[in-house]
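Read the structure below first, then the notes.
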Amino acid sequence: MTQDKSISELSTAEAKAELENLAKLLTQANADYHTKDAPQISDAEYDRLKQRNLELEAAFPSLVRADSPSSKVGAPVADGFGKITHAVPMLSLGNAFEDDEVVQFADRIRSFLGMSNAEAVAFTAEPKIDGLSLSLRYENGKLTQAATRGDGATGENVLANALTIADIPQELTGAPDILEVRGEVYMSHADFEALNTRQAAAEDRLFANPRNAAAGSLRQLDASITKSRPLRFFAYAWGELSAPLSETQSGAIERLAELGFVTNPLTKRCETATELLAHYHLIEEQRATLGYDIDGVVYKVDRLDLQTRLGFRSTTPRWAIAHKFPAELAWTRLEAIDIQVGRTGALSPVARLHPVTVGGVVVSNATLHNEDYIRGLDSKGETIRDGKDIRVGDWVQVYRAGDVIPKIADVDLSKRPDDAQPFEFPQLCPECQSDAIREEGDAVRRCTGGIICPAQAIEKLKHFVGRKAFDIEGLGAKQIELFYDDPDLPIRQPADIFTLESRDGANLTKLKNRKGWGDQSATNLFAAIQDKRSIAFGRVLFSLGIRHVGEAASNMLANHYGNWAEFEAALGHAAAFKGSAWDDLLAIDGVGEVMARSLVGAFNHPRERASIDALISQLQVADAAKPKTEGSPVAGKTVVFTGTLEKMTRAEAKARAEALGAKVSGSVSAKTDILIAGPGAGSKAKKATDLGVKMIDEDAWLALIEGL
Ligand code: IVH
């Protein structure tokens, strides 16, 4: 982090330039965080920039910009959701970092209200949940609207998604006719980890932290995805009301709890600033064991009549403040940089650190992402850490955001040893010495060795025996590592698992005599392997661990092609990435160009293909169940859905159509038989009209398939 020049030393021109720069940085950071759910700087760095901006504006009031970041909350709404104008704006909170700022906050309030220091103002103190805020509107007891904060004035309508969250009541009894309840949507640590495990297994993107996971899950255009993600909700505030909830903040929270909302159990009414601080430290001590992320404690004036009198500054209330926790940071020495090679050949640099405690957890490894990150560049080629590179021997600052893998936040150049050399990212795979190359636009360098690379081969084998793949009892990741280099019974590729028993020599005896094995376990393993010889098409495909081809895609491809021989032939015909077999592949809904290229590439790569064929010759691959299509008017037809479906989700509509023998495609072409267009249909409807493709609405579609 940069050392700012003291404000009193700045010339007007310097202050102006810095304010301009801060406006740019903060606008970008807001967009990364709120619109893209992909923050590029830490929360602590964001707070620091925001604080610096406020201080500069206070010292140079004439320089306050029309687009000042202090007068903005969040970022504009993303496209794709309906917009909702908040009846009462959703604001943000001012921050305090030090204990004495909390005392000043209480003093300021008394002075604003014309009270003496002897007069007490009571507050509530409660955890600041690190999620995203949501405003729920109930009319006559029914949930009618759910809006994200957006830019504070206008948010996104995520009602369909809110309806899938168990903590959010859909009906209330005894509530005011109009009641807007506000609170935080978040994901627990346990649910976050389970989600990322599922994402990894499906080769889907991993979420950086529970907040991003919650945001990504809530802002899904397909509510069935939100439903599959375990989100929770704490109520802590309100917007428009037709009748007051209480005379106090604490009373209002109790009332919300009575109405059926989950409120935070660590909410406490405090009489003095000293009590607030004591509660802050108590919450801070419990932080690591709460099971969800919090990033501070919020203090609010308890009496609502006083809140009204205190009112607001441009975007923050005078009656509340967020007392932030210090970021979880620590300095330590970087002892080495190791390169790990993954299943798809990605070379991932890992920092080996002198062990250090960060926020209560001992950290000795941290991710270094990729070679640009080590050089001090982000994914867009812009500098991070002020462009400082990372060298072995450096003193580095480690931070943990939530429960994710620790990262390196900064480097202390003043402590850099004389012999520290810039890190040379390997151009050859450290495991197999094949060229490691970076494709255009890819931040990751990859080993080109494919299955001749032992690291890739082992990772691929581990994936192959994984729970969602072949799932062979007694043959897990640990066993794979041992078998890979076994002199007597090596397993180098998936097919070797199935020849283990029949290879020349007394294999049962060999296995029995291995360390840790006996008669029973050896017999059991052979039986378990035998058991998996006959297996579903989709599972086999997923097990191959082809980049970009996850579990859902594998099943989809299996359903589309029906049997292995047909599939394999089609991929052969598509080898040149053109022609009708290629077009057919691309027309499958959910198959994009990246996935298609990876799949066709793997099946037409001589060595990989030999390995796949060797495996298939050992198996009976069951055909994908052909849908029952008797009497179906849409069997064999290619259909496309576009626009908003109102009676069912897109996923459900697609599953239904496929069950009736239709092919569901993602794009309209001359081969399309029917386009089902809901409200908001755009370019696809136009294309269908141009091509003369039959176009019907959702009701007509439902009538067509009725009773089937
Ligand atoms: S009160 C007028 N209470 O923090 C102020 N906010 O920086 C209304 N937040 O947008 C907010 N926990 O997303 C409040 N216990 C809590 C909170 C909380 C988290 C978030 C909320 C808000 C942001 C403000």
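How things are named: the first chain in the structure tokens is A, the next is B, and so on; residues count from 1 in each chain; ligands count from 1 in the order shown.
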>> Can you work out which residues are within 7 Å of ligand 1, considering only C-alpha atoms and all ligand atoms, and then hand them over as number ranges by chain?
In response: A: 90-94, 126-133, 183-184, 236-237, 298, 316-317, 320, 322
>> Report, in Å with one decimal, the straight-line distance from CA of Asp442 (chain A) to CA of Ala457 (chain A).
In response: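 Calculated distance between CA of Asp442 (chain A) and CA of Ala457 (chain A) is 22.1 Å.
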> Nearest to Pro417 (chain A): which of A:Leu334, A:Ile405, A:Asp583, A:Asp177 is it, counting only C-alpha atoms?
Replying inline: A:Leu334
> Tell me, which residues of region 105-236 of chain A carry DSSP strand (DSSP E or B), written as a PyMOL selection string?
Replying inline: chain A and resi 123-129+132-139+142-148+154-157+171+178-186+232-236
Suppose we keep N, CA and C atoms; can you now write the selection as a tab-separated table (two decimals), in the first residue's frame?
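Output file part.tsv follows:
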```tsv
chain	number	residue	atom	x	y	z
A	123	PHE	N	-27.36	3.32	22.46
A	123	PHE	CA	-27.11	2.81	21.11
A	123	PHE	C	-27.41	1.32	21.05
A	124	THR	N	-27.53	0.83	19.83
A	124	THR	CA	-27.44	-0.63	19.66
A	124	THR	C	-26.09	-0.92	19.01
A	125	ALA	N	-25.56	-2.10	19.28
A	125	ALA	CA	-24.32	-2.55	18.63
A	125	ALA	C	-24.59	-3.95	18.09
A	126	GLU	N	-24.23	-4.19	16.85
A	126	GLU	CA	-24.50	-5.49	16.24
A	126	GLU	C	-23.46	-5.77	15.17
A	127	PRO	N	-23.22	-7.02	14.85
A	127	PRO	CA	-22.20	-7.35	13.84
A	127	PRO	C	-22.54	-6.73	12.49
A	128	LYS	N	-21.53	-6.32	11.78
A	128	LYS	CA	-21.72	-5.88	10.39
A	128	LYS	C	-21.48	-7.10	9.52
A	129	ILE	N	-22.54	-7.59	8.92
A	129	ILE	CA	-22.48	-8.84	8.16
A	129	ILE	C	-21.85	-8.55	6.80
A	132	LEU	N	-24.57	-9.02	1.12
A	132	LEU	CA	-25.07	-7.92	0.31
A	132	LEU	C	-26.47	-7.58	0.78
A	133	SER	N	-26.79	-6.28	0.74
A	133	SER	CA	-28.05	-5.88	1.35
A	133	SER	C	-29.21	-6.11	0.39
A	134	LEU	N	-30.36	-6.36	1.00
A	134	LEU	CA	-31.56	-6.68	0.23
A	134	LEU	C	-32.73	-5.99	0.91
A	135	SER	N	-33.63	-5.43	0.11
A	135	SER	CA	-34.80	-4.77	0.66
A	135	SER	C	-36.04	-5.56	0.25
A	136	LEU	N	-36.79	-6.02	1.25
A	136	LEU	CA	-37.95	-6.88	0.98
A	136	LEU	C	-39.21	-6.06	1.22
A	137	ARG	N	-40.08	-6.00	0.24
A	137	ARG	CA	-41.30	-5.21	0.41
A	137	ARG	C	-42.49	-6.15	0.61
A	138	TYR	N	-43.21	-5.93	1.72
A	138	TYR	CA	-44.42	-6.72	2.00
A	138	TYR	C	-45.62	-5.79	1.88
A	139	GLU	N	-46.62	-6.21	1.15
A	139	GLU	CA	-47.87	-5.44	1.06
A	139	GLU	C	-48.98	-6.33	1.57
A	142	LYS	N	-47.89	-9.81	2.31
A	142	LYS	CA	-47.32	-10.69	1.26
A	142	LYS	C	-46.05	-10.10	0.68
A	143	LEU	N	-45.06	-10.94	0.49
A	143	LEU	CA	-43.80	-10.48	-0.11
A	143	LEU	C	-44.05	-10.15	-1.58
A	144	THR	N	-43.85	-8.88	-1.95
A	144	THR	CA	-44.16	-8.49	-3.32
A	144	THR	C	-42.94	-8.05	-4.12
A	145	GLN	N	-41.85	-7.75	-3.41
A	145	GLN	CA	-40.69	-7.20	-4.11
A	145	GLN	C	-39.43	-7.51	-3.31
A	146	ALA	N	-38.36	-7.76	-4.00
A	146	ALA	CA	-37.06	-7.90	-3.32
A	146	ALA	C	-36.05	-7.17	-4.18
A	147	ALA	N	-35.40	-6.18	-3.60
A	147	ALA	CA	-34.50	-5.35	-4.41
A	147	ALA	C	-33.11	-5.29	-3.81
A	148	THR	N	-32.11	-5.41	-4.66
A	148	THR	CA	-30.73	-5.21	-4.19
A	148	THR	C	-30.51	-3.70	-4.03
A	154	THR	N	-31.76	3.07	-7.03
A	154	THR	CA	-32.41	2.06	-7.85
A	154	THR	C	-31.67	0.74	-7.73
A	155	GLY	N	-32.40	-0.33	-7.50
A	155	GLY	CA	-31.76	-1.64	-7.37
A	155	GLY	C	-32.32	-2.62	-8.38
A	156	GLU	N	-31.93	-3.86	-8.26
A	156	GLU	CA	-32.40	-4.91	-9.17
A	156	GLU	C	-33.49	-5.73	-8.49
A	157	ASN	N	-34.48	-6.09	-9.27
A	157	ASN	CA	-35.55	-6.91	-8.72
A	157	ASN	C	-35.16	-8.38	-8.74
A	171	GLU	N	-44.89	-14.78	3.81
A	171	GLU	CA	-46.11	-14.13	4.31
A	171	GLU	C	-45.92	-13.77	5.76
A	178	ILE	N	-47.87	-1.80	4.74
A	178	ILE	CA	-46.66	-1.66	3.91
A	178	ILE	C	-45.47	-1.81	4.83
A	179	LEU	N	-44.63	-2.75	4.53
A	179	LEU	CA	-43.44	-2.96	5.37
A	179	LEU	C	-42.27	-3.33	4.47
A	180	GLU	N	-41.23	-2.51	4.51
A	180	GLU	CA	-40.00	-2.88	3.79
A	180	GLU	C	-38.96	-3.28	4.82
A	181	VAL	N	-38.55	-4.52	4.76
A	181	VAL	CA	-37.55	-5.03	5.69
A	181	VAL	C	-36.22	-5.11	4.97
A	182	ARG	N	-35.20	-4.58	5.62
A	182	ARG	CA	-33.87	-4.61	4.99
A	182	ARG	C	-32.90	-5.43	5.81
A	183	GLY	N	-32.00	-6.05	5.14
A	183	GLY	CA	-31.02	-6.85	5.85
A	183	GLY	C	-29.98	-7.36	4.90
A	184	GLU	N	-29.25	-8.35	5.36
A	184	GLU	CA	-28.10	-8.83	4.61
A	184	GLU	C	-28.29	-10.28	4.18
A	185	VAL	N	-28.06	-10.52	2.89
A	185	VAL	CA	-28.02	-11.90	2.39
A	185	VAL	C	-26.57	-12.35	2.49
A	186	TYR	N	-26.33	-13.54	3.02
A	186	TYR	CA	-24.95	-14.00	3.18
A	186	TYR	C	-24.90	-15.51	3.05
A	232	ARG	N	-28.61	-17.20	3.26
A	232	ARG	CA	-29.31	-16.86	4.50
A	232	ARG	C	-29.54	-15.37	4.58
A	233	PHE	N	-30.32	-14.96	5.54
A	233	PHE	CA	-30.69	-13.55	5.62
A	233	PHE	C	-30.83	-13.11	7.07
A	234	PHE	N	-30.15	-12.01	7.44
A	234	PHE	CA	-30.36	-11.36	8.73
A	234	PHE	C	-31.08	-10.04	8.49
A	235	ALA	N	-32.17	-9.78	9.22
A	235	ALA	CA	-32.88	-8.50	9.10
A	235	ALA	C	-32.29	-7.53	10.12
A	236	TYR	N	-32.01	-6.29	9.70
A	236	TYR	CA	-31.47	-5.31	10.65
A	236	TYR	C	-31.97	-3.89	10.43
```
> Could you name the residues that touch Ala215 (chain A) at 12 Å or less, counting only C-alpha atoms, but leaving out those on the same chain fewer than 4 positions away, as a ChimeraX atom specification?
Replying inline: /A:33-39,130-134,148-150,158,161,184-187,192,207-211,219-220,226,229-232
